[in-house]
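K.L.:
This is the content of entry-v2.txt (compact mmCIF, C-alpha atoms):
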```txt
# COMPACT_ATOMS: atom_id res chain seq x y z
CA MET O 1 -21.11 21.47 -36.92
CA SER O 2 -20.53 24.78 -35.17
CA LYS O 3 -18.43 24.76 -32.03
CA LYS O 4 -20.30 25.56 -28.85
CA SER O 5 -18.80 27.56 -25.99
CA TRP O 6 -18.86 24.51 -23.76
CA HIS O 7 -17.08 22.20 -26.23
CA LEU O 8 -13.55 21.31 -25.16
CA ASP O 9 -10.74 21.76 -27.62
CA ARG O 10 -8.89 18.46 -28.19
CA ARG O 11 -5.53 20.22 -27.83
CA THR O 12 -6.55 21.56 -24.44
CA PHE O 13 -7.59 18.09 -23.33
CA ILE O 14 -4.30 16.53 -24.39
CA LYS O 15 -2.31 19.31 -22.75
CA GLY O 16 -4.14 18.75 -19.48
CA MET O 17 -3.84 14.98 -19.57
CA GLY O 18 -0.25 15.01 -20.73
CA VAL O 19 1.18 16.51 -17.59
CA THR O 20 0.58 13.44 -15.48
CA CYS O 21 2.39 11.34 -18.10
CA MET O 22 5.31 13.63 -18.82
CA LEU O 23 6.30 14.86 -15.37
CA PRO O 24 8.78 12.46 -13.78
CA PHE O 25 10.21 12.72 -10.29
CA PHE O 26 13.73 14.09 -10.02
CA GLU O 27 16.42 14.03 -7.38
CA GLY O 28 20.10 14.87 -6.99
CA MET O 29 23.12 12.82 -5.99
CA THR O 30 25.84 15.49 -5.78
CA MET O 31 27.46 15.96 -2.37
CA THR O 32 26.81 19.28 -0.61
CA ASN O 33 25.90 20.32 2.88
CA PHE O 34 22.79 18.30 3.69
CA SER O 35 22.70 18.28 7.49
CA ASN O 36 19.12 19.58 7.42
CA PHE O 37 18.02 16.33 5.75
CA VAL O 38 19.66 13.92 8.20
CA SER O 39 17.34 12.33 10.74
CA PRO O 40 18.67 12.67 14.31
CA ASN O 41 17.29 9.24 15.29
CA SER O 42 16.97 5.83 13.70
CA PRO O 43 14.17 5.82 11.10
CA LYS O 44 10.76 4.45 12.00
CA ARG O 45 8.86 2.97 9.10
CA LEU O 46 5.38 1.79 8.17
CA CYS O 47 4.32 -0.73 5.54
CA PHE O 48 1.06 -2.35 4.42
CA LEU O 49 0.64 -5.48 2.28
CA TYR O 50 -2.86 -6.39 1.08
CA PHE O 51 -4.44 -9.42 -0.57
CA PRO O 52 -8.12 -9.58 -1.70
CA ASN O 53 -11.22 -11.74 -1.26
CA GLY O 54 -10.58 -12.87 2.31
CA VAL O 55 -9.22 -16.26 3.35
CA GLY O 56 -10.31 -19.86 3.66
CA LEU O 57 -12.14 -20.55 6.92
CA PRO O 58 -13.53 -24.11 6.76
CA PRO O 59 -16.21 -24.92 9.38
CA LYS O 60 -14.83 -26.42 12.59
CA GLU O 61 -16.69 -29.65 11.93
CA SER O 62 -15.06 -29.90 8.51
CA GLU O 63 -12.11 -32.23 7.95
CA TYR O 64 -10.36 -29.28 6.30
CA HIS O 65 -10.45 -27.03 9.37
CA LYS O 66 -7.34 -28.23 11.16
CA ASN O 67 -5.29 -28.20 7.95
CA TRP O 68 -6.54 -25.21 5.97
CA ASN O 69 -8.12 -22.72 8.37
CA TRP O 70 -6.24 -19.45 7.92
CA PHE O 71 -6.36 -18.57 11.60
CA PRO O 72 -4.24 -20.78 13.88
CA ILE O 73 -5.52 -23.53 16.13
CA GLY O 74 -5.45 -22.31 19.72
CA GLU O 75 -4.62 -18.82 21.01
CA GLY O 76 -1.84 -17.03 22.85
CA THR O 77 1.78 -18.06 22.38
CA ASP O 78 0.97 -21.77 22.10
CA TYR O 79 -1.01 -21.48 18.89
CA LYS O 80 -0.48 -23.99 16.09
CA LEU O 81 -0.19 -22.83 12.50
CA THR O 82 -2.16 -24.72 9.87
CA LYS O 83 -0.84 -25.43 6.39
CA SER O 84 -2.22 -22.07 5.24
CA LEU O 85 0.34 -20.06 7.23
CA ALA O 86 3.03 -22.73 7.53
CA PRO O 87 5.56 -20.71 5.44
CA LEU O 88 5.62 -18.18 8.30
CA SER O 89 6.61 -20.71 10.97
CA LEU O 90 10.21 -19.47 11.13
CA HIS O 91 9.02 -15.95 11.91
CA ARG O 92 6.80 -16.59 14.94
CA ASN O 93 8.93 -14.33 17.14
CA ASP O 94 8.72 -11.49 14.62
CA MET O 95 4.96 -11.43 14.11
CA SER O 96 1.58 -11.30 15.83
CA ILE O 97 -1.54 -12.85 14.32
CA MET O 98 -4.76 -10.98 15.05
CA GLY O 99 -8.40 -11.89 14.61
CA GLY O 100 -11.71 -10.20 15.39
CA LEU O 101 -10.84 -6.71 14.10
CA SER O 102 -12.75 -4.86 11.39
CA HIS O 103 -14.17 -1.45 10.47
CA PRO O 104 -17.77 -0.97 11.73
CA PHE O 105 -18.74 1.08 8.66
CA SER O 106 -17.47 -1.65 6.34
CA ARG O 107 -19.41 -4.52 7.92
CA ASN O 108 -22.62 -3.64 6.08
CA VAL O 109 -21.32 -2.77 2.63
CA LEU O 110 -20.74 -5.11 -0.29
CA GLY O 111 -17.78 -7.21 0.76
CA HIS O 112 -15.44 -6.11 -2.00
CA MET O 113 -16.03 -2.43 -1.23
CA ALA O 114 -14.41 -3.03 2.16
CA GLY O 115 -11.08 -3.05 0.34
CA ASP O 116 -11.58 0.62 -0.51
CA SER O 117 -11.65 1.49 3.17
CA PHE O 118 -9.08 -1.00 4.49
CA LEU O 119 -6.67 1.75 5.51
CA THR O 120 -9.25 4.51 5.98
CA GLY O 121 -12.13 3.09 7.99
CA GLY O 122 -14.29 5.43 5.90
CA ASP O 123 -18.07 5.34 5.74
CA LEU O 124 -18.97 4.19 2.23
CA ARG O 125 -22.48 2.96 3.02
CA GLY O 126 -24.26 5.78 1.20
CA GLU O 127 -22.52 8.43 -0.84
CA TYR O 128 -19.08 7.22 -1.87
CA LYS O 129 -16.91 9.59 0.11
CA ASN O 130 -13.76 8.10 1.53
CA SER O 131 -11.39 9.60 4.10
CA VAL O 132 -7.63 9.78 4.54
CA SER O 133 -5.74 6.50 4.85
CA VAL O 134 -3.50 5.78 7.82
CA ASP O 135 -0.39 5.48 5.66
CA GLN O 136 -0.88 9.06 4.48
CA VAL O 137 -1.30 10.30 8.03
CA ALA O 138 2.05 8.68 8.77
CA ALA O 139 3.58 10.02 5.56
CA GLU O 140 2.68 13.57 6.52
CA ARG O 141 4.78 13.20 9.68
CA LEU O 142 7.56 10.83 8.63
CA SER O 143 8.50 12.48 5.32
CA GLN O 144 10.53 15.29 6.87
CA TYR O 145 13.77 13.44 6.25
CA THR O 146 12.94 11.51 3.08
CA ARG O 147 12.94 12.27 -0.63
CA PHE O 148 9.40 10.99 -1.10
CA PRO O 149 6.48 11.07 1.36
CA SER O 150 5.32 7.55 0.50
CA LEU O 151 5.35 4.84 -2.12
CA THR O 152 1.99 3.48 -3.29
CA LEU O 153 2.16 0.21 -5.21
CA SER O 154 -0.20 -2.38 -6.67
CA THR O 155 -0.18 -5.14 -9.27
CA ASP O 156 -2.49 -3.22 -11.61
CA GLY O 157 -1.54 0.42 -11.14
CA GLY O 158 -3.79 3.49 -11.14
CA VAL O 159 -6.75 3.94 -8.82
CA GLY O 160 -9.35 1.51 -10.18
CA TYR O 161 -12.89 2.55 -9.40
CA LYS O 162 -15.55 2.44 -6.70
CA SER O 163 -15.56 -0.89 -4.84
CA ARG O 164 -12.78 -2.19 -7.11
CA THR O 165 -9.96 0.12 -6.13
CA SER O 166 -6.40 -0.62 -7.21
CA THR O 167 -4.79 1.47 -4.49
CA LEU O 168 -4.80 1.36 -0.70
CA SER O 169 -3.88 5.01 -0.24
CA PHE O 170 -6.20 8.01 -0.04
CA ASN O 171 -5.23 11.63 0.49
CA SER O 172 -6.52 14.08 3.08
CA SER O 173 -9.58 14.75 0.89
CA GLY O 174 -10.38 11.05 0.66
CA ARG O 175 -9.35 10.84 -2.99
CA PRO O 176 -7.43 7.80 -4.21
CA ILE O 177 -3.70 8.13 -4.77
CA PRO O 178 -2.65 6.41 -8.02
CA SER O 179 -0.54 3.32 -7.45
CA GLU O 180 2.47 2.28 -9.49
CA HIS O 181 3.08 -1.21 -10.84
CA ARG O 182 5.83 -1.27 -13.48
CA GLN O 183 9.09 -2.13 -11.76
CA ARG O 184 11.46 -0.56 -14.25
CA GLU O 185 9.55 2.71 -14.22
CA ILE O 186 9.47 2.65 -10.42
CA PHE O 187 13.21 2.06 -10.27
CA GLU O 188 14.02 4.81 -12.74
CA ARG O 189 11.69 7.27 -11.06
CA TYR O 190 12.80 6.73 -7.47
CA PHE O 191 16.32 5.30 -7.68
CA SER O 192 17.76 6.30 -11.04
CA PRO O 193 15.88 9.45 -12.03
CA ASN O 194 16.36 11.17 -15.35
CA GLY O 195 18.83 8.62 -16.71
CA GLY O 196 21.79 9.92 -14.72
CA ALA O 197 21.65 13.47 -16.04
CA THR O 198 23.82 16.14 -14.45
CA THR O 199 22.58 18.21 -11.53
CA LYS O 200 22.35 21.24 -13.81
CA GLU O 201 20.20 19.32 -16.29
CA ARG O 202 17.95 17.99 -13.52
CA ARG O 203 17.52 21.47 -12.06
CA LYS O 204 16.52 22.74 -15.49
CA SER O 205 14.00 19.91 -15.86
CA ILE O 206 12.49 20.67 -12.46
CA HIS O 207 12.03 24.32 -13.40
CA GLN O 208 10.44 23.29 -16.70
CA GLY O 209 8.12 21.01 -14.77
CA LYS O 210 7.10 23.89 -12.52
CA LYS O 211 6.33 26.05 -15.53
CA ILE O 212 4.15 23.34 -17.06
CA VAL O 213 2.24 22.91 -13.81
CA ASP O 214 1.71 26.67 -13.57
CA LEU O 215 0.41 26.79 -17.14
CA VAL O 216 -2.05 23.96 -16.62
CA LEU O 217 -3.27 25.45 -13.34
CA GLU O 218 -3.86 28.75 -15.10
CA ASP O 219 -5.71 27.05 -17.99
CA SER O 220 -7.84 25.08 -15.57
CA LYS O 221 -9.33 28.23 -14.05
CA THR O 222 -10.82 29.17 -17.41
CA LEU O 223 -11.73 25.59 -18.25
CA LYS O 224 -13.64 25.04 -14.99
CA ASN O 225 -16.16 27.71 -15.84
CA ARG O 226 -17.13 25.77 -18.97
CA LEU O 227 -17.74 22.40 -17.32
CA GLY O 228 -20.81 20.70 -15.93
CA SER O 229 -20.98 19.53 -12.32
CA ASN O 230 -19.71 15.99 -12.98
CA ASP O 231 -16.79 17.24 -15.04
CA LYS O 232 -15.95 19.80 -12.35
CA VAL O 233 -15.60 16.94 -9.85
CA LYS O 234 -13.26 15.14 -12.25
CA LEU O 235 -11.25 18.31 -12.80
CA ASP O 236 -10.97 18.88 -9.05
CA GLU O 237 -9.60 15.35 -8.65
CA TYR O 238 -7.12 15.98 -11.44
CA LEU O 239 -6.02 19.28 -9.94
CA SER O 240 -5.59 17.58 -6.57
CA SER O 241 -3.17 15.15 -8.22
CA LEU O 242 -1.45 18.03 -9.98
CA ASN O 243 -1.05 19.76 -6.64
CA GLN O 244 0.81 16.69 -5.39
CA VAL O 245 3.05 16.87 -8.47
CA GLU O 246 3.81 20.49 -7.65
CA LYS O 247 4.67 19.63 -4.05
CA GLN O 248 6.96 16.82 -5.17
CA LEU O 249 8.73 19.12 -7.64
CA ASN O 250 9.45 21.53 -4.80
CA ARG O 251 10.65 18.62 -2.67
CA ASN O 252 12.87 17.36 -5.49
CA GLU O 253 14.50 20.75 -5.81
CA LYS O 254 15.37 20.76 -2.10
CA TRP O 255 16.89 17.29 -2.39
CA LEU O 256 18.69 17.98 -5.67
CA ASP O 257 22.18 18.24 -4.16
CA VAL O 258 21.77 15.51 -1.55
CA PRO O 259 23.44 12.16 -2.39
CA MET O 260 21.45 8.94 -2.19
CA GLU O 261 22.73 6.03 -0.17
CA GLU O 262 24.76 3.60 -2.24
CA PHE O 263 22.95 0.38 -3.11
CA ASP O 264 23.20 -2.77 -5.19
CA SER O 265 20.19 -3.42 -7.42
CA SER O 266 21.81 -6.03 -9.64
CA LEU O 267 19.60 -8.85 -8.33
CA ILE O 268 16.28 -7.05 -8.78
CA ASN O 269 14.32 -8.24 -11.81
CA LEU O 270 12.83 -5.12 -13.38
CA ASP O 271 11.22 -6.78 -16.38
CA VAL O 272 9.09 -9.56 -14.91
CA ASP O 273 5.55 -10.10 -16.20
CA PRO O 274 2.76 -10.76 -13.63
CA THR O 275 0.83 -12.76 -16.24
CA SER O 276 3.59 -15.34 -16.63
CA ALA O 277 5.59 -15.32 -13.41
CA PRO O 278 3.45 -14.04 -10.51
CA GLU O 279 5.83 -15.08 -7.74
CA ASP O 280 8.77 -13.37 -9.43
CA TYR O 281 6.63 -10.30 -10.04
CA VAL O 282 5.46 -9.96 -6.43
CA ARG O 283 8.95 -10.57 -5.08
CA SER O 284 10.47 -8.08 -7.47
CA MET O 285 8.03 -5.48 -6.17
CA MET O 286 8.98 -6.41 -2.61
CA ASP O 287 12.66 -6.07 -3.50
CA LEU O 288 12.00 -2.50 -4.66
CA MET O 289 10.17 -1.76 -1.42
CA ILE O 290 13.13 -3.02 0.59
CA LEU O 291 15.45 -0.89 -1.54
CA GLY O 292 13.26 2.12 -0.79
CA PHE O 293 13.59 1.53 2.95
CA GLN O 294 17.29 0.71 2.74
CA THR O 295 18.10 3.98 0.98
CA ASP O 296 15.62 5.88 3.17
CA ALA O 297 13.93 7.23 0.04
CA THR O 298 10.66 6.95 1.96
CA ARG O 299 9.46 5.50 5.26
CA VAL O 300 5.88 4.72 4.28
CA MET O 301 4.71 2.17 1.73
CA SER O 302 1.59 0.29 0.72
CA TYR O 303 1.29 -2.60 -1.73
CA MET O 304 -1.98 -4.06 -3.00
CA MET O 305 -0.87 -7.46 -4.32
CA ALA O 306 -4.18 -8.04 -6.11
CA ARG O 307 -7.60 -6.40 -6.52
CA GLU O 308 -10.99 -7.45 -5.22
CA ASP O 309 -13.71 -9.33 -7.10
CA GLY O 310 -11.62 -11.05 -9.75
CA MET O 311 -10.36 -7.80 -11.23
CA GLY O 312 -6.90 -7.38 -12.68
CA PHE O 313 -3.81 -9.54 -13.03
CA GLY O 314 -3.83 -10.81 -9.46
CA ASP O 315 -6.93 -12.93 -9.89
CA ASN O 316 -4.93 -15.22 -12.15
CA PHE O 317 -2.03 -15.77 -9.76
CA SER O 318 -3.76 -18.92 -8.52
CA LYS O 319 -4.12 -20.25 -12.08
CA ILE O 320 -0.57 -19.54 -13.17
CA ALA O 321 1.28 -20.41 -9.98
CA LEU O 322 -0.87 -23.29 -8.67
CA GLY O 323 -3.02 -24.52 -11.55
CA LEU O 324 -6.24 -23.61 -9.71
CA GLN O 325 -9.29 -21.53 -10.59
CA GLY O 326 -9.20 -17.75 -10.34
CA HIS O 327 -8.95 -16.33 -6.83
CA HIS O 328 -12.45 -14.83 -6.83
CA THR O 329 -13.98 -18.01 -8.24
CA ILE O 330 -12.31 -20.06 -5.51
CA SER O 331 -13.76 -17.76 -2.85
CA HIS O 332 -17.30 -18.40 -4.17
CA ASP O 333 -16.95 -22.12 -4.87
CA ARG O 334 -19.41 -24.16 -2.81
CA VAL O 335 -17.86 -27.56 -3.56
CA THR O 336 -16.57 -29.07 -0.32
CA GLY O 337 -13.10 -29.68 -1.71
CA HIS O 338 -12.57 -26.03 -2.52
CA TRP O 339 -11.26 -25.41 1.01
CA GLY O 340 -8.04 -27.16 0.05
CA ASP O 341 -7.66 -24.99 -3.06
CA TRP O 342 -8.31 -21.82 -1.10
CA GLY O 343 -5.87 -22.93 1.58
CA ARG O 344 -3.15 -23.54 -0.98
CA LEU O 345 -3.66 -20.04 -2.36
CA ASP O 346 -3.54 -18.59 1.17
CA ARG O 347 -0.29 -20.50 1.66
CA TRP O 348 1.08 -19.05 -1.60
CA TYR O 349 0.46 -15.51 -0.35
CA ALA O 350 1.92 -16.41 3.06
CA LYS O 351 5.02 -17.68 1.26
CA GLN O 352 5.48 -14.29 -0.41
CA PHE O 353 5.01 -12.52 2.91
CA ALA O 354 7.59 -14.84 4.50
CA TYR O 355 10.01 -13.84 1.74
CA PHE O 356 9.43 -10.17 2.56
CA ILE O 357 9.90 -10.63 6.31
CA ASN O 358 13.04 -12.69 5.82
CA LYS O 359 14.62 -10.20 3.45
CA MET O 360 13.67 -7.22 5.64
CA LYS O 361 15.26 -9.04 8.57
CA ASN O 362 18.49 -9.74 6.72
CA THR O 363 18.83 -6.34 5.06
CA LYS O 364 20.55 -3.79 7.24
CA ASP O 365 21.26 -0.10 7.30
CA ILE O 366 23.48 1.76 9.77
CA HIS O 367 20.83 1.28 12.45
CA GLY O 368 20.55 -2.49 12.07
CA SER O 369 17.92 -4.78 10.57
CA LEU O 370 15.24 -3.00 8.53
CA LEU O 371 12.60 -5.24 10.10
CA ASP O 372 13.35 -4.10 13.63
CA ASN O 373 12.44 -0.47 12.85
CA THR O 374 9.50 -1.18 10.55
CA LEU O 375 5.87 -1.95 11.36
CA ILE O 376 4.36 -4.19 8.67
CA LEU O 377 0.67 -5.04 8.51
CA TYR O 378 -0.32 -7.90 6.21
CA GLY O 379 -3.96 -8.75 5.64
CA SER O 380 -7.30 -8.47 3.87
CA ALA O 381 -10.51 -6.49 4.37
CA CYS O 382 -12.71 -9.61 4.58
CA SER O 383 -12.43 -12.77 6.63
CA THR O 384 -14.13 -14.89 4.00
CA THR O 385 -16.43 -14.37 1.02
CA HIS O 386 -18.04 -10.89 1.23
CA ASN O 387 -17.76 -10.90 5.04
CA ALA O 388 -16.01 -7.70 6.14
CA ARG O 389 -15.60 -8.88 9.73
CA ASN O 390 -12.84 -10.69 11.58
CA CYS O 391 -10.16 -9.43 9.19
CA PRO O 392 -7.18 -11.78 8.80
CA LEU O 393 -4.24 -9.69 9.99
CA ILE O 394 -0.58 -10.20 10.81
CA LEU O 395 1.55 -7.47 12.35
CA ALA O 396 5.28 -7.99 11.87
CA GLY O 397 8.51 -6.20 12.73
CA GLY O 398 9.13 -3.26 15.02
CA SER O 399 11.05 -4.99 17.81
CA ASP O 400 13.19 -1.87 18.29
CA LEU O 401 9.95 0.14 18.52
CA GLY O 402 8.87 -1.88 21.54
CA VAL O 403 6.53 -4.32 19.79
CA LYS O 404 6.22 -7.71 21.51
CA HIS O 405 5.41 -10.57 19.15
CA GLY O 406 4.79 -14.30 19.31
CA ALA O 407 1.06 -14.68 19.96
CA TYR O 408 -2.27 -15.11 18.23
CA THR O 409 -4.86 -12.77 19.74
CA LYS O 410 -8.56 -12.91 19.00
CA PHE O 411 -10.22 -9.59 19.82
CA GLU O 412 -13.89 -9.07 20.65
CA GLU O 413 -15.64 -7.20 17.85
CA LYS O 414 -17.83 -5.21 20.25
CA GLN O 415 -14.81 -3.96 22.17
CA GLU O 416 -12.15 -3.37 19.54
CA ARG O 417 -11.99 -2.15 15.98
CA LEU O 418 -9.31 -2.04 13.29
CA SER O 419 -8.83 1.71 13.61
CA ASN O 420 -7.72 1.18 17.21
CA LEU O 421 -4.82 -0.85 15.86
CA PHE O 422 -3.94 2.02 13.53
CA VAL O 423 -3.86 4.44 16.47
CA SER O 424 -1.48 2.16 18.34
CA MET O 425 0.72 1.75 15.27
CA LEU O 426 0.92 5.52 14.76
CA ASN O 427 1.88 6.01 18.39
CA LYS O 428 4.71 3.47 18.04
CA LEU O 429 6.05 5.64 15.22
CA ASP O 430 6.07 8.65 17.58
CA ILE O 431 3.03 10.09 15.86
CA GLU O 432 1.06 10.99 18.94
CA THR O 433 -2.66 10.77 18.32
CA GLU O 434 -5.65 9.64 20.33
CA SER O 435 -7.87 8.84 17.37
CA PHE O 436 -8.00 7.82 13.74
CA SER O 437 -11.21 7.48 11.72
CA ASP O 438 -13.79 5.68 13.92
CA SER O 439 -11.36 4.52 16.61
CA THR O 440 -12.33 4.40 20.26
CA GLY O 441 -8.75 4.65 21.50
CA LYS O 442 -5.64 2.51 21.40
CA LEU O 443 -5.75 -1.24 20.95
CA SER O 444 -6.03 -2.94 24.35
CA THR O 445 -3.15 -5.37 24.02
CA SER O 446 0.36 -5.92 25.26
CA ILE O 447 1.59 -6.32 21.69
CA LEU O 448 1.94 -2.57 21.03
```
Step by step, read the file and then write its structure as structure tokens.
P.N.:
Amino acid sequence: MSKKSWHLDRRTFIKGMGVTCMLPFFEGMTMTNFSNFVSPNSPKRLCFLYFPNGVGLPPKESEYHKNWNWFPIGEGTDYKLTKSLAPLSLHRNDMSIMGGLSHPFSRNVLGHMAGDSFLTGGDLRGEYKNSVSVDQVAAERLSQYTRFPSLTLSTDGGVGYKSRTSTLSFNSSGRPIPSEHRQREIFERYFSPNGGATTKERRKSIHQGKKIVDLVLEDSKTLKNRLGSNDKVKLDEYLSSLNQVEKQLNRNEKWLDVPMEEFDSSLINLDVDPTSAPEDYVRSMMDLMILGFQTDATRVMSYMMAREDGMGFGDNFSKIALGLQGHHTISHDRVTGHWGDWGRLDRWYAKQFAYFINKMKNTKDIHGSLLDNTLILYGSACSTTHNARNCPLILAGGSDLGVKHGAYTKFEEKQERLSNLFVSMLNKLDIETESFSDSTGKLSTSIL
């Protein structure tokens, strides 16, 4: 068969794809003058933890309501936690439970697609075109004094696909940012880069990385003219990712001679398998997140603990850890007794969140407890099966940022929206803004 002008050479394809696999992050740990990298104030941090498929909300007339309803019984500071959130009882003064918030654009899409816009508030009702996520807005401003703008994590890695995303983070063009999920690779990339090579060797590797990026960018100009419209979109997405690689290489070079804070990682399990030990896996990922904050490697993180609609490893957490059906199956089960199963799974996730809060609270840097300078939002894009309203949300941390916790607040959907909360959170981080996505202003509450 003769080769047509629009046929792609296999070698070209591999060269293009190989860059994302072969370019690691680099950094330096040799002491020099690094006053330009030192933050003048205590760091302010932002973190998001996500779980899929909503939560168990048994009808009020059901015998299961008082025991397994995710939202508390009662409102204000006198609320009573059910069994679903009981693991968080010791942290009442460090968290605020919120109900009634959601994204207006997400209320009328397929429930699982709401996960794609959890941090963006984007309009995905027609053409799939997302917008920037709030963590990336924060990363743009908070990364001045950190080695990495943000850390994007999930249990499955990558980006997933439309309505089944495996990342919470989207760049300024609304394109998904690939998440990372292998602990050892994460550790080696961010905390032990390049196997402890010398500064000279790392500098050489960075320059080689720059040359590779330049070569691929040059090749892509010629390649683009030979592609159809769909392939051009894919190439643009790839080049957008490559652009981020180039930016990080430049950042790495600036940080090459700056030492990293000393740390002890001996207790972090870097080889745990999510298919056999889900609790250990999730907690190991949380340990890495805490290490990232402790060393000030980054001040912005997101972690998707599992994907929507029964996709990926996370759907089996309920089977392995609790002996139940898959998470997605539980959320669709119409047998009356399923409320107890769903509640036990909600409690399992709450237990992991309690672990994270407790460890953040008891891990300190020179400014004090990590929790006190970090805003953490824990939640899901749906309240219950396919219902992208009344999102189950818990805001934790940030006492040194002026956040006042201890209450359960139920907001009116017609008056408040989730993006208003994001505006308030950004403001608490000294990122002055009056709007984000479809917000109508700040959240009307005394919490923030």
K.L.:
Give me the stretch 337-388 of chain O side of the contact with stretch 400-420 of chain O, cut-off 12 Å, one line per residue showing its nearest atom pair and distance in Å at one decimal, counting all atoms listed in the file, sorted by chain and residue number, as a tab-separated table.
P.N.:
```
residue	atom	partner	partner_atom	distance
O:His367	CA	O:Asp400	CA	10.1
O:Gly368	CA	O:Asp400	CA	9.7
O:Ser369	CA	O:Asp400	CA	9.5
O:Leu370	CA	O:Asp400	CA	10.0
O:Leu371	CA	O:Asp400	CA	8.9
O:Asp372	CA	O:Asp400	CA	5.2
O:Asn373	CA	O:Asp400	CA	5.7
O:Thr374	CA	O:Leu401	CA	8.1
O:Leu375	CA	O:Leu401	CA	8.5
O:Ile376	CA	O:Val403	CA	11.3
O:Leu377	CA	O:Leu418	CA	11.5
O:Gly379	CA	O:Leu418	CA	11.5
O:Ser380	CA	O:Leu418	CA	11.6
O:Ala381	CA	O:Leu418	CA	10.0
O:Ala388	CA	O:Leu418	CA	11.3
```
K.L.:
Could you give me, as number ranges by chain, the residues within 7 Å of stretch 312-318 of chain O, counting all atoms listed in the file and dropping anything in the same chain fewer than 3 positions from it?
P.N.:
O: 155-156, 274-275, 278, 305-307, 321-328, 345
K.L.:
How many Å separate atom CA of O:Phe170 from atom CA of O:Ser133?
P.N.:
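Straight-line distance from atom CA of O:Phe170 to atom CA of O:Ser133 works out to 5.1 Å.
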K.L.:
Given only C-alpha atoms as the basis, pick out the residue of O:Asn53, O:Leu142, O:Gly99, O:Cys47 nearest to O:Thr329.
P.N.:
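Looking only at the distances to O:Thr329, the closest residue turns out to be O:Asn53.
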K.L.:
Take atom CA of O:Glu140 and atom CA of O:Glu434 and report the distance between them in Å, one decimal.
P.N.:
16.6 Å
K.L.:
Could you tell me how far atom CA of O:Leu110 lies from atom CA of O:Ile330, in Å and to one decimal?
P.N.:
17.9 Å
K.L.:
With distances taken over only C-alpha atoms, which of O:Trp348, O:Val109, O:Thr385, O:Ser89 is nearest to O:Ile320?
P.N.:
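Of the candidates, the smallest distance to O:Ile320 is held by O:Trp348.
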K.L.:
Looking at O:Ile366, O:Ile394, O:Met425, O:Met304, which one is nearest to O:Ser42, with distances taken over all atoms listed in the file?
P.N.:
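Looking only at the distances to O:Ser42, the closest residue turns out to be O:Ile366.
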K.L.:
Taking into account all atoms listed in the file, which residue in the set O:Pro43, O:Gly340, O:Pro178, O:Gly397 is nearest to O:Asp430?
P.N.:
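Selected residue with least distance to O:Asp430: O:Pro43.
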K.L.:
Here is a test: counting only C-alpha atoms, which residue of O:Pro87, O:Gly441, O:Gly157, O:Gly174 is nearest to O:Phe356?
P.N.:
O:Pro87
K.L.:
May I have the protein, DNA and RNA residues with an atom at most 7 Å from (-15.0, -6.4, 10.3), counting all atoms listed in the file in the file's coordinates, returned as a list in words?
P.N.:
Leu101, Ser102, His103, Pro104, Ser106, Arg107, Cys382, Ala388, Arg389, Asn390 and Cys391 of chain O
K.L.:
Nearest residue to O:Trp68 out of O:Phe422, O:Tyr145, O:Trp342, O:Tyr190, using only C-alpha atoms?
P.N.:
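For O:Trp68, the nearest of the given residues is O:Trp342.
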K.L.:
Hey, what's within 7 Å of O:Tyr378 if we count all atoms listed in the file and toss same-chain stuff fewer than 2 positions away? As a ChimeraX atom specification, please?
P.N.:
/O:48-50,376,393-395
